[in-house]
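Here's the structure we're looking at; comments come further down.
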Amino acid sequence: MIDLWYPTYANCLIWALGMQLTRGGYVCWRQSWYGWWPHAVWSPDQKTWYEYLPLNFTGKLKWWQVMWLVLFRGEPKQVDRSIL
């Protein structure tokens with residue numbers, strides 16, 4: 001099991017860059033599944049990818065969660081869809 005960073009408040013970019021700086025691996029940008037905005041994901045080996053999502057994520061974001069600079073309470077989860 002990989003040791004993931006569980007910050008209290010972050011966003012996908014802060015989390016992915018923090019993971020890369022502390023644990024190595026790769027950061028990839030992709031379009032969000034839920035809108036036109038970009039979404040950052042992280043992988044230790046380019047096979048398994050992880051993302052930082054809001055707590056109790058239902059697939060719908062509020063307008064203030066769309067802006068990438070906004071911090072929210074969240075948790076990392078393994079990506080369960082193809083990102084490329």
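Ordering of the structure tokens sets the chain letters (A, B, ...), residue numbers begin anew at 1 in every chain, and ligands are numbered from 1 in the order given.
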If you count only C-alpha atoms, which residues fall within 12 Å of stretch 6-12 of chain A, apart from same-chain ones fewer than 6 positions away, as a ChimeraX atom specification? /A:18-19,27-30,32,37-42,50-55,64-77
Create the file for the chosen residues now, containing N, CA, C and O atoms and written as a CSV table (one decimal), in the first residue's frame.
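This is the output file result05.csv:
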chain,number,residue,atom,x,y,z
A,18,GLY,N,2.6,18.3,-4.2
A,18,GLY,CA,3.1,17.9,-2.9
A,18,GLY,C,3.5,16.5,-2.9
A,18,GLY,O,4.6,16.1,-2.4
A,19,MET,N,2.7,15.6,-3.6
A,19,MET,CA,3.1,14.2,-3.7
A,19,MET,C,4.4,14.0,-4.5
A,19,MET,O,5.2,13.2,-4.1
A,27,VAL,N,3.2,13.9,-12.3
A,27,VAL,CA,2.0,14.7,-12.3
A,27,VAL,C,1.5,14.8,-13.7
A,27,VAL,O,2.3,15.0,-14.6
A,28,CYS,N,0.2,14.6,-13.9
A,28,CYS,CA,-0.4,14.7,-15.2
A,28,CYS,C,-1.6,15.6,-15.2
A,28,CYS,O,-2.4,15.5,-14.2
A,29,TRP,N,-1.7,16.4,-16.2
A,29,TRP,CA,-2.9,17.2,-16.3
A,29,TRP,C,-3.9,16.6,-17.2
A,29,TRP,O,-3.5,16.0,-18.2
A,30,ARG,N,-5.2,16.6,-16.9
A,30,ARG,CA,-6.2,16.1,-17.8
A,30,ARG,C,-7.4,17.0,-17.6
A,30,ARG,O,-7.5,17.7,-16.7
A,32,SER,N,-11.1,17.7,-16.5
A,32,SER,CA,-12.0,17.1,-15.5
A,32,SER,C,-13.1,16.3,-16.1
A,32,SER,O,-13.6,16.7,-17.2
A,37,TRP,N,-12.7,22.4,-16.9
A,37,TRP,CA,-11.5,22.8,-16.2
A,37,TRP,C,-10.5,21.7,-16.1
A,37,TRP,O,-10.9,20.5,-16.2
A,38,PRO,N,-9.2,22.0,-16.0
A,38,PRO,CA,-8.2,21.0,-15.8
A,38,PRO,C,-8.2,20.4,-14.5
A,38,PRO,O,-8.7,20.9,-13.5
A,39,HIS,N,-7.6,19.2,-14.4
A,39,HIS,CA,-7.5,18.4,-13.1
A,39,HIS,C,-6.2,17.7,-13.1
A,39,HIS,O,-5.7,17.1,-14.1
A,40,ALA,N,-5.5,17.8,-11.9
A,40,ALA,CA,-4.2,17.3,-11.8
A,40,ALA,C,-4.3,15.9,-11.1
A,40,ALA,O,-5.1,15.8,-10.1
A,41,VAL,N,-3.5,14.9,-11.6
A,41,VAL,CA,-3.5,13.6,-10.9
A,41,VAL,C,-2.0,13.2,-10.8
A,41,VAL,O,-1.1,13.8,-11.4
A,42,TRP,N,-1.8,12.3,-9.9
A,42,TRP,CA,-0.4,11.9,-9.5
A,42,TRP,C,-0.3,10.4,-9.6
A,42,TRP,O,-1.2,9.6,-9.3
A,50,TYR,N,-3.7,8.6,-8.9
A,50,TYR,CA,-4.4,9.0,-7.7
A,50,TYR,C,-4.8,10.5,-7.9
A,50,TYR,O,-4.1,11.2,-8.6
A,51,GLU,N,-6.0,10.9,-7.4
A,51,GLU,CA,-6.5,12.2,-7.5
A,51,GLU,C,-7.0,12.7,-6.1
A,51,GLU,O,-7.3,11.9,-5.2
A,52,TYR,N,-7.1,14.0,-5.9
A,52,TYR,CA,-7.6,14.6,-4.7
A,52,TYR,C,-8.9,15.2,-5.0
A,52,TYR,O,-9.1,16.0,-5.9
A,53,LEU,N,-9.9,14.6,-4.3
A,53,LEU,CA,-11.3,15.0,-4.5
A,53,LEU,C,-12.0,15.5,-3.2
A,53,LEU,O,-11.5,15.1,-2.1
A,54,PRO,N,-13.0,16.3,-3.3
A,54,PRO,CA,-13.7,16.8,-2.1
A,54,PRO,C,-14.3,15.6,-1.3
A,54,PRO,O,-14.6,14.6,-1.9
A,55,LEU,N,-14.4,15.8,0.0
A,55,LEU,CA,-15.0,14.8,0.9
A,55,LEU,C,-16.4,14.6,0.4
A,55,LEU,O,-17.1,15.5,0.0
A,64,TRP,N,-17.7,27.4,-6.4
A,64,TRP,CA,-16.4,27.8,-5.8
A,64,TRP,C,-15.4,26.7,-5.8
A,64,TRP,O,-14.2,27.0,-5.5
A,65,GLN,N,-15.8,25.5,-6.0
A,65,GLN,CA,-14.8,24.4,-6.1
A,65,GLN,C,-14.2,24.3,-7.5
A,65,GLN,O,-13.2,23.6,-7.6
A,66,VAL,N,-14.7,25.0,-8.4
A,66,VAL,CA,-14.2,24.9,-9.8
A,66,VAL,C,-12.8,25.6,-9.9
A,66,VAL,O,-11.9,25.2,-10.6
A,67,MET,N,-12.7,26.8,-9.2
A,67,MET,CA,-11.5,27.6,-9.3
A,67,MET,C,-10.4,26.8,-8.7
A,67,MET,O,-10.5,26.4,-7.5
A,68,TRP,N,-9.3,26.6,-9.4
A,68,TRP,CA,-8.2,25.7,-8.9
A,68,TRP,C,-7.5,26.3,-7.7
A,68,TRP,O,-6.8,25.6,-7.0
A,69,LEU,N,-7.6,27.6,-7.4
A,69,LEU,CA,-6.9,28.2,-6.3
A,69,LEU,C,-7.7,28.0,-5.0
A,69,LEU,O,-7.1,28.2,-3.9
A,70,VAL,N,-8.9,27.6,-5.1
A,70,VAL,CA,-9.7,27.4,-3.9
A,70,VAL,C,-9.3,26.1,-3.1
A,70,VAL,O,-9.1,25.1,-3.8
A,71,LEU,N,-9.2,26.2,-1.8
A,71,LEU,CA,-8.9,25.1,-1.0
A,71,LEU,C,-10.2,24.4,-0.5
A,71,LEU,O,-11.1,25.1,-0.2
A,72,PHE,N,-10.2,23.1,-0.4
A,72,PHE,CA,-11.3,22.4,0.1
A,72,PHE,C,-10.9,21.2,0.9
A,72,PHE,O,-9.8,20.7,0.7
A,73,ARG,N,-11.8,20.8,1.8
A,73,ARG,CA,-11.5,19.5,2.5
A,73,ARG,C,-11.7,18.4,1.6
A,73,ARG,O,-12.7,18.3,0.9
A,74,GLY,N,-10.7,17.5,1.5
A,74,GLY,CA,-10.8,16.4,0.6
A,74,GLY,C,-10.0,15.2,1.0
A,74,GLY,O,-9.5,15.2,2.1
A,75,GLU,N,-9.9,14.3,0.1
A,75,GLU,CA,-9.1,13.0,0.3
A,75,GLU,C,-8.6,12.5,-1.0
A,75,GLU,O,-9.3,12.6,-2.0
A,76,PRO,N,-7.5,11.9,-1.0
A,76,PRO,CA,-7.0,11.3,-2.2
A,76,PRO,C,-7.7,9.9,-2.5
A,76,PRO,O,-8.0,9.2,-1.5
A,77,LYS,N,-7.9,9.7,-3.7
A,77,LYS,CA,-8.5,8.4,-4.1
A,77,LYS,C,-7.9,7.9,-5.4
A,77,LYS,O,-7.3,8.7,-6.2
For a quick check of understanding, using only C-alpha atoms, which of A:Trp5, A:Asp45, A:Gln78, A:Trp36 has the smallest distance to A:Gly24? A:Asp45
Near-A:Pro44 list (8 Å; only C-alpha atoms; drop same-chain fewer than 4 positions) as a list in words: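 Here the qualifying residues turn out to be Arg23, Gly24, Gly25, Tyr26, Thr48 and Trp49 of chain A.
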Do you have the atom CA of A:Ser43-atom CA of A:Leu4 distance handy? 10.7 Å
Among chain A, which residues does DSSP mark as strand (DSSP E) when it is run on the backbone? Keep the chain and numbering as in the structure and answer as a ChimeraX atom specification. /A:9-10,26-31,38-43,50-54,72-78
Find the distance between atom CA of A:Gln20 and atom CA of A:Asn56 and write it in Å to one decimal.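 Here the two named atoms are 24.9 Å from each other.
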If you measure from atom CA of A:Val79 to atom CA of A:Thr22, what distance in Å do you get, rounded to one decimal?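 Taking atom CA of A:Val79 as the start and atom CA of A:Thr22 as the end point, the length is 20.1 Å.
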